[in-house]
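S.K.: Have a look at this one.
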Number of protein chains: 2
Amino acid sequence: MNYKIRCIREKMKLLNMQGLIISNPINIRYILGIPVEGEILITDKENIFITDARYIEEVNGFLTINDEFVIFDSKDISDIDNQGFFQNCENVGFEENYVTFAGYEKIIRKYRIKNIEETEGIIEKLRMVKDEDEIKNIEKACKITDNCFDYLLDFIKIGMTEKQVALEIEKYFLENGADGQAFETIVASGINSSKPHAIPSDKIIRQGDPITIDFGAKYNGYAADMTRTIFAGYIKDEMKENYNLILKIQKNLIKEFKEGTSCKMLARSVENELYLYNHSLIHALGHGVGLEIHELPILSHNSQLTLKENMVVTNEPGIYLPGKYGIRIEDTIKVSRNEPEVLTKSSKEIIVVDKT
Amino acid sequence: MNYKIRCIREKMKLLNMQGLIISNPINIRYILGIPVEGEILITDKENIFITDARYIEEVNGFLTINDEFVIFDSKDISDIDNQGFFQNCENVGFEENYVTFAGYEKIIRKYRIKNIEETEGIIEKLRMVKDEDEIKNIEKACKITDNCFDYLLDFIKIGMTEKQVALEIEKYFLENGADGQAFETIVASGINSSKPHAIPSDKIIRQGDPITIDFGAKYNGYAADMTRTIFAGYIKDEMKENYNLILKIQKNLIKEFKEGTSCKMLARSVENELYLYNHSLIHALGHGVGLEIHELPILSHNSQLTLKENMVVTNEPGIYLPGKYGIRIEDTIKVSRNEPEVLTKSSKEIIVVDKT
């Protein structure tokens, strides 16, 4: 059986769930390995994928007998079929964080479900630990992102707008083997860099500006996430001090990204250290990266999770001084038992671009 | 008061709703006119927008006193505040087609709602008829799409892959004033054109291939949608016959896109006409276009809606011969009282590209 389904079935047993309906396309892609539309039903008897004419051929060609999936075209399924799938299931789970209220009502009616139960991210939690293929895809996404950063150091000129740089990143990804960008690129210069989620604007990059670039390629559906703050023309002493503080914190932390570390303690330690310098961490320290750019685990003081080998998460401390500027340094890191691996390998030393 | 809110309040009265919670970001953008994150609460006393530090400045700068909105930063709102907003509302509506089941449970708890009610697309239905500004944005998106088509006729060479053409479209949009593409471009050549939703592949465009290009720019958040089927090198007689059939149907239909026409009848008439030639229409005849690429009304035999002045919808009949080829011609059309206006103006005559 598809090993992901086997894991899900084990979790279901613990929850006393005999059936499960998977509707979230990201979770479906995760389980089947290809981006197709439809619904997965896990019943007491079989694993079912219901799709339509657009995807049947592709799914049949991709899945093997070892996946143990029965594939249906939705147009061949009658009301009676639907009512039969879960007839021996006492409790059936659904994705309460994905399915709309209208969808929830439809599911109950369509499948005549006796008792429907919330699953509290059963698959999202499984997705936290990546397998070999997933890691290869993320590594490739990180590699393209690193190459793009090299390219940018030559491309960025003082006098360009933030939007010009952001557009070039998108084009670079498309022309260099990525699916595209994994999320909306942030290019925030000067005063704009004080906003952690700034949108690239028509602001011109000027002498003395810090430039925060938060970007990542997507490869085979998997994301990379990296931030570098570089400087236009020269770097002011105050900025240099804050840069080196963030760099020290970010670098020292890397060795803690190993099996067993509490996400809460990791975030707390950075919060405390920044506090000593009269700064505060105004966002989470990091987050999981995979088919989505923000996944579990979240590295914040609210998290109850601990790191496990082959989780892929970000490490992104930052300082934001409203009305002045901001600095953030972020890497994508593969958690290990002993030696965490930084997947984004671009230089974090102070970089000044000075072409005009 | 913001005229869109005024319209919504009128609808609410008819539904005996004293309160409404709007969570769908597309609907929020529609009402406020800018893309920001948050939640709109319409209560018996006031119109509220709850957002966070990232957007407060922008929203305050954009909305005027005439909008009659009270704007809150979510961090300044206490549990008691939340419990007070709807305290005099008997029935409160929510967006059951957007809010997840988990979100629905959260809303009820957070706002202590007595009776929550489904709204059946109250805002989506309002969004069907476009105002002057919306039409200008769609017209601009269509203009960029037309210009891109002109550019493509020169760019496309026999021997290129479908992906190369799709990538060039994305780049063209980004470099020519669009926000980007309104949806994933379809470039389907030869046998691939028989799939209405084909994904651009590494297939090489060869002599004799039809090439179906379904694409549209997004401008200021608003979409354009156009399909043209062109031919590589030469056109086979059988394809020419089918092309001219689809072209005739598509052109003759345009005059029916006026106030009062039933969406169902429009779709039925094409289904019947294709049936006479032993073909069938395997997708809807068209759909609304606006902030989303697929909006209400849907022009299919299931629709209960009629066209109204200033709706913007597509007209996209097609023929699909599995294992052989397909042909589709699509325009974005502004519905009028008398003379419907075709907003995508690219030539629909048979076009053969023959550069190698």
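Within each chain, counting starts at residue 1; across the structure tokens, chains are named A, B, ... in the order shown, with ligands numbered 1 upward in that order.
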Identify, with DSSP run on backbone atoms, the residues in segment 99-256 of chain A assigned to alpha helix (DSSP H), and express the list as an MDAnalysis selection string.
M.R.: chainID A and resid 101:111 122:126 132:155 162:175 237:253
S.K.: How would you write, as a count of residues only, the set of residues in segment 33-272 of chain B that DSSP gives as strand (DSSP E)?
M.R.: 45
S.K.: Given the choices B:Ser78, B:Thr229, B:Asn147, B:Ser189, which gets closest to Thr344 of chain B if the distance is worked out from only C-alpha atoms?
M.R.: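 So, comparing all the options, the nearest one is B:Asn147.
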S.K.: Which residues come within 6 Å of Ala232 of chain A, counting only C-alpha atoms, excluding same-chain residues fewer than 2 positions away, as a CSV table (one decimal) with C-alpha atoms, in the first residue's frame?
M.R.:
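Written file, selection-v2.csv:
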chain,number,residue,atom,x,y,z
A,207,GLN,CA,22.5,55.1,-1.7
A,208,GLY,CA,22.5,53.9,1.9
A,209,ASP,CA,19.3,51.8,1.7
A,234,TYR,CA,27.5,51.8,1.7
A,352,VAL,CA,27.2,46.1,-0.5
A,353,VAL,CA,26.0,46.5,-4.1
A,354,ASP,CA,27.3,49.7,-5.7
S.K.: For chain B, work out the contacting residues on chain A at 8 Å, counting only C-alpha atoms, and write them as a list in words.
M.R.: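 Every residue meeting the condition is included here: Arg54, Glu96, Asn97, Tyr98, Val99, Thr100, Phe101, Ala102, Gly103, Tyr104, Leu167, Lys171, Leu174, Lys195 and His197 of chain A.
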S.K.: If you keep N, CA and C atoms, can you produce a file of those selected residues as a compact mmCIF listing (two decimals), in the first residue's frame?
M.R.:
# COMPACT_ATOMS: atom_id res chain seq x y z
N ARG A 54 -10.58 14.62 -16.88
CA ARG A 54 -9.36 15.38 -17.12
C ARG A 54 -8.12 14.68 -16.56
N GLU A 96 -11.47 19.72 8.66
CA GLU A 96 -12.26 20.88 9.11
C GLU A 96 -11.56 22.21 8.85
N ASN A 97 -10.23 22.16 8.63
CA ASN A 97 -9.52 23.40 8.34
C ASN A 97 -9.47 23.71 6.85
N TYR A 98 -9.98 22.79 6.04
CA TYR A 98 -10.02 23.04 4.60
C TYR A 98 -11.45 23.11 4.06
N VAL A 99 -12.28 22.16 4.47
CA VAL A 99 -13.63 22.06 3.92
C VAL A 99 -14.48 23.24 4.39
N THR A 100 -15.18 23.88 3.45
CA THR A 100 -16.06 25.00 3.84
C THR A 100 -17.28 24.46 4.57
N PHE A 101 -18.00 25.36 5.22
CA PHE A 101 -19.21 24.93 5.91
C PHE A 101 -20.19 24.31 4.91
N ALA A 102 -20.31 24.93 3.74
CA ALA A 102 -21.20 24.37 2.71
C ALA A 102 -20.71 22.99 2.27
N GLY A 103 -19.40 22.84 2.15
CA GLY A 103 -18.82 21.55 1.77
C GLY A 103 -19.07 20.48 2.81
N TYR A 104 -18.99 20.87 4.06
CA TYR A 104 -19.24 19.96 5.19
C TYR A 104 -20.68 19.42 5.13
N LEU A 167 10.33 41.59 -10.18
CA LEU A 167 9.97 41.05 -11.49
C LEU A 167 11.12 40.19 -12.05
N LYS A 171 11.12 36.25 -13.25
CA LYS A 171 11.59 35.82 -14.57
C LYS A 171 12.74 34.83 -14.45
N LEU A 174 11.40 31.39 -13.65
CA LEU A 174 10.71 30.76 -14.78
C LEU A 174 11.71 30.28 -15.84
N LYS A 195 8.91 46.93 7.39
CA LYS A 195 7.67 46.13 7.38
C LYS A 195 8.01 44.71 6.98
N HIS A 197 6.26 42.28 5.96
CA HIS A 197 5.56 41.74 4.79
C HIS A 197 5.37 42.77 3.69
S.K.: Could you work out how far atom CA of Thr261 of chain A lies from atom CA of Pro297 of chain A, giving the answer in Å with one decimal?
M.R.: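 Separating atom CA of Pro297 of chain A from atom CA of Thr261 of chain A is a distance of 11.9 Å.
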S.K.: Taking 4 positions as the minimum chain separation for residues in the same chain, which residues sit within 10 Å of Lys240 of chain B when counting only C-alpha atoms? Answer as a ChimeraX atom specification.
M.R.: /B:231,235-236,244-246,327,350
S.K.: Which residues are close to Pro340 of chain A, i.e. within 6 Å by only C-alpha atoms, leaving aside same-chain residues fewer than 3 positions away? Reply as a list in words.
M.R.: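 The residues that qualify are Phe257, Lys258, Lys334, Val335 and Ser336 of chain A.
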S.K.: Those same residues - N, CA and C atoms - I'd like them written as a CSV table (one decimal), in the first residue's frame.
M.R.:
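This went into part_21.csv:
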chain,number,residue,atom,x,y,z
A,257,PHE,N,18.9,23.2,15.4
A,257,PHE,CA,17.9,22.6,14.6
A,257,PHE,C,18.1,21.1,14.4
A,258,LYS,N,18.0,20.4,15.6
A,258,LYS,CA,18.1,19.0,15.5
A,258,LYS,C,17.0,18.2,16.3
A,334,LYS,N,17.4,21.8,6.9
A,334,LYS,CA,16.9,20.4,7.1
A,334,LYS,C,17.4,20.0,8.5
A,335,VAL,N,16.4,19.6,9.3
A,335,VAL,CA,16.6,19.1,10.7
A,335,VAL,C,17.3,17.7,10.7
A,336,SER,N,18.2,17.5,11.5
A,336,SER,CA,18.9,16.2,11.5
A,336,SER,C,19.0,15.7,13.0
S.K.: Find the distance between atom CA of Phe85 of chain B and atom CA of Leu20 of chain B and write it in Å to one decimal.
M.R.: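 Between atom CA of Phe85 of chain B and atom CA of Leu20 of chain B the gap is 10.6 Å.
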S.K.: When you look at Phe86 of chain A with a cut-off of 9 Å (counting only C-alpha atoms), what residues show up, excluding the ones that are within fewer than 4 positions of it in the same chain? I need them as a ChimeraX atom specification.
M.R.: /A:18-20,41-44,82,90-92,111-114
S.K.: Just want the 12 Å neighbourhood of Arg9 of chain A, counted on only C-alpha atoms, with same-chain residues fewer than 2 positions away dropped. Output as a compact mmCIF listing (two decimals) with C-alpha atoms, in the first residue's frame.
M.R.:
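Output below, filename part-v2.txt:
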# COMPACT_ATOMS: atom_id res chain seq x y z
CA MET A 1 0.00 0.00 0.00
CA ASN A 2 1.05 3.63 -0.62
CA TYR A 3 3.19 4.24 2.50
CA LYS A 4 1.59 7.59 3.20
CA ILE A 5 -1.84 5.97 3.27
CA ARG A 6 -0.43 3.30 5.58
CA CYS A 7 0.74 6.02 8.00
CA LYS A 11 -3.25 7.47 12.86
CA MET A 12 -6.91 6.76 12.07
CA LYS A 13 -6.84 3.66 14.24
CA LEU A 14 -5.60 5.70 17.20
CA LEU A 15 -8.50 8.14 16.63
CA ASN A 16 -11.04 5.31 16.26
CA MET A 17 -11.83 6.52 12.74
CA GLN A 18 -12.88 3.92 10.18
CA GLY A 19 -13.22 6.39 7.33
CA LEU A 20 -11.56 9.59 6.15
CA LEU A 41 -11.84 8.40 0.41
CA ILE A 42 -10.23 6.03 2.89
CA THR A 43 -12.83 3.49 3.91
CA ASP A 44 -12.78 0.34 6.04
CA LYS A 45 -12.46 -1.66 2.81
CA GLU A 46 -10.35 0.34 0.35
CA ASN A 47 -8.51 3.47 -0.74
CA GLY A 93 -12.97 12.15 9.61
CA ILE A 122 -3.76 14.59 10.69
CA ILE A 123 -2.14 14.88 7.24
CA LEU A 126 2.41 13.79 8.68
S.K.: Distance atom CA of Glu117 of chain B-atom CA of Glu117 of chain A, one decimal place?
M.R.: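 Rounded to one decimal, the two atoms are 22.1 Å apart.
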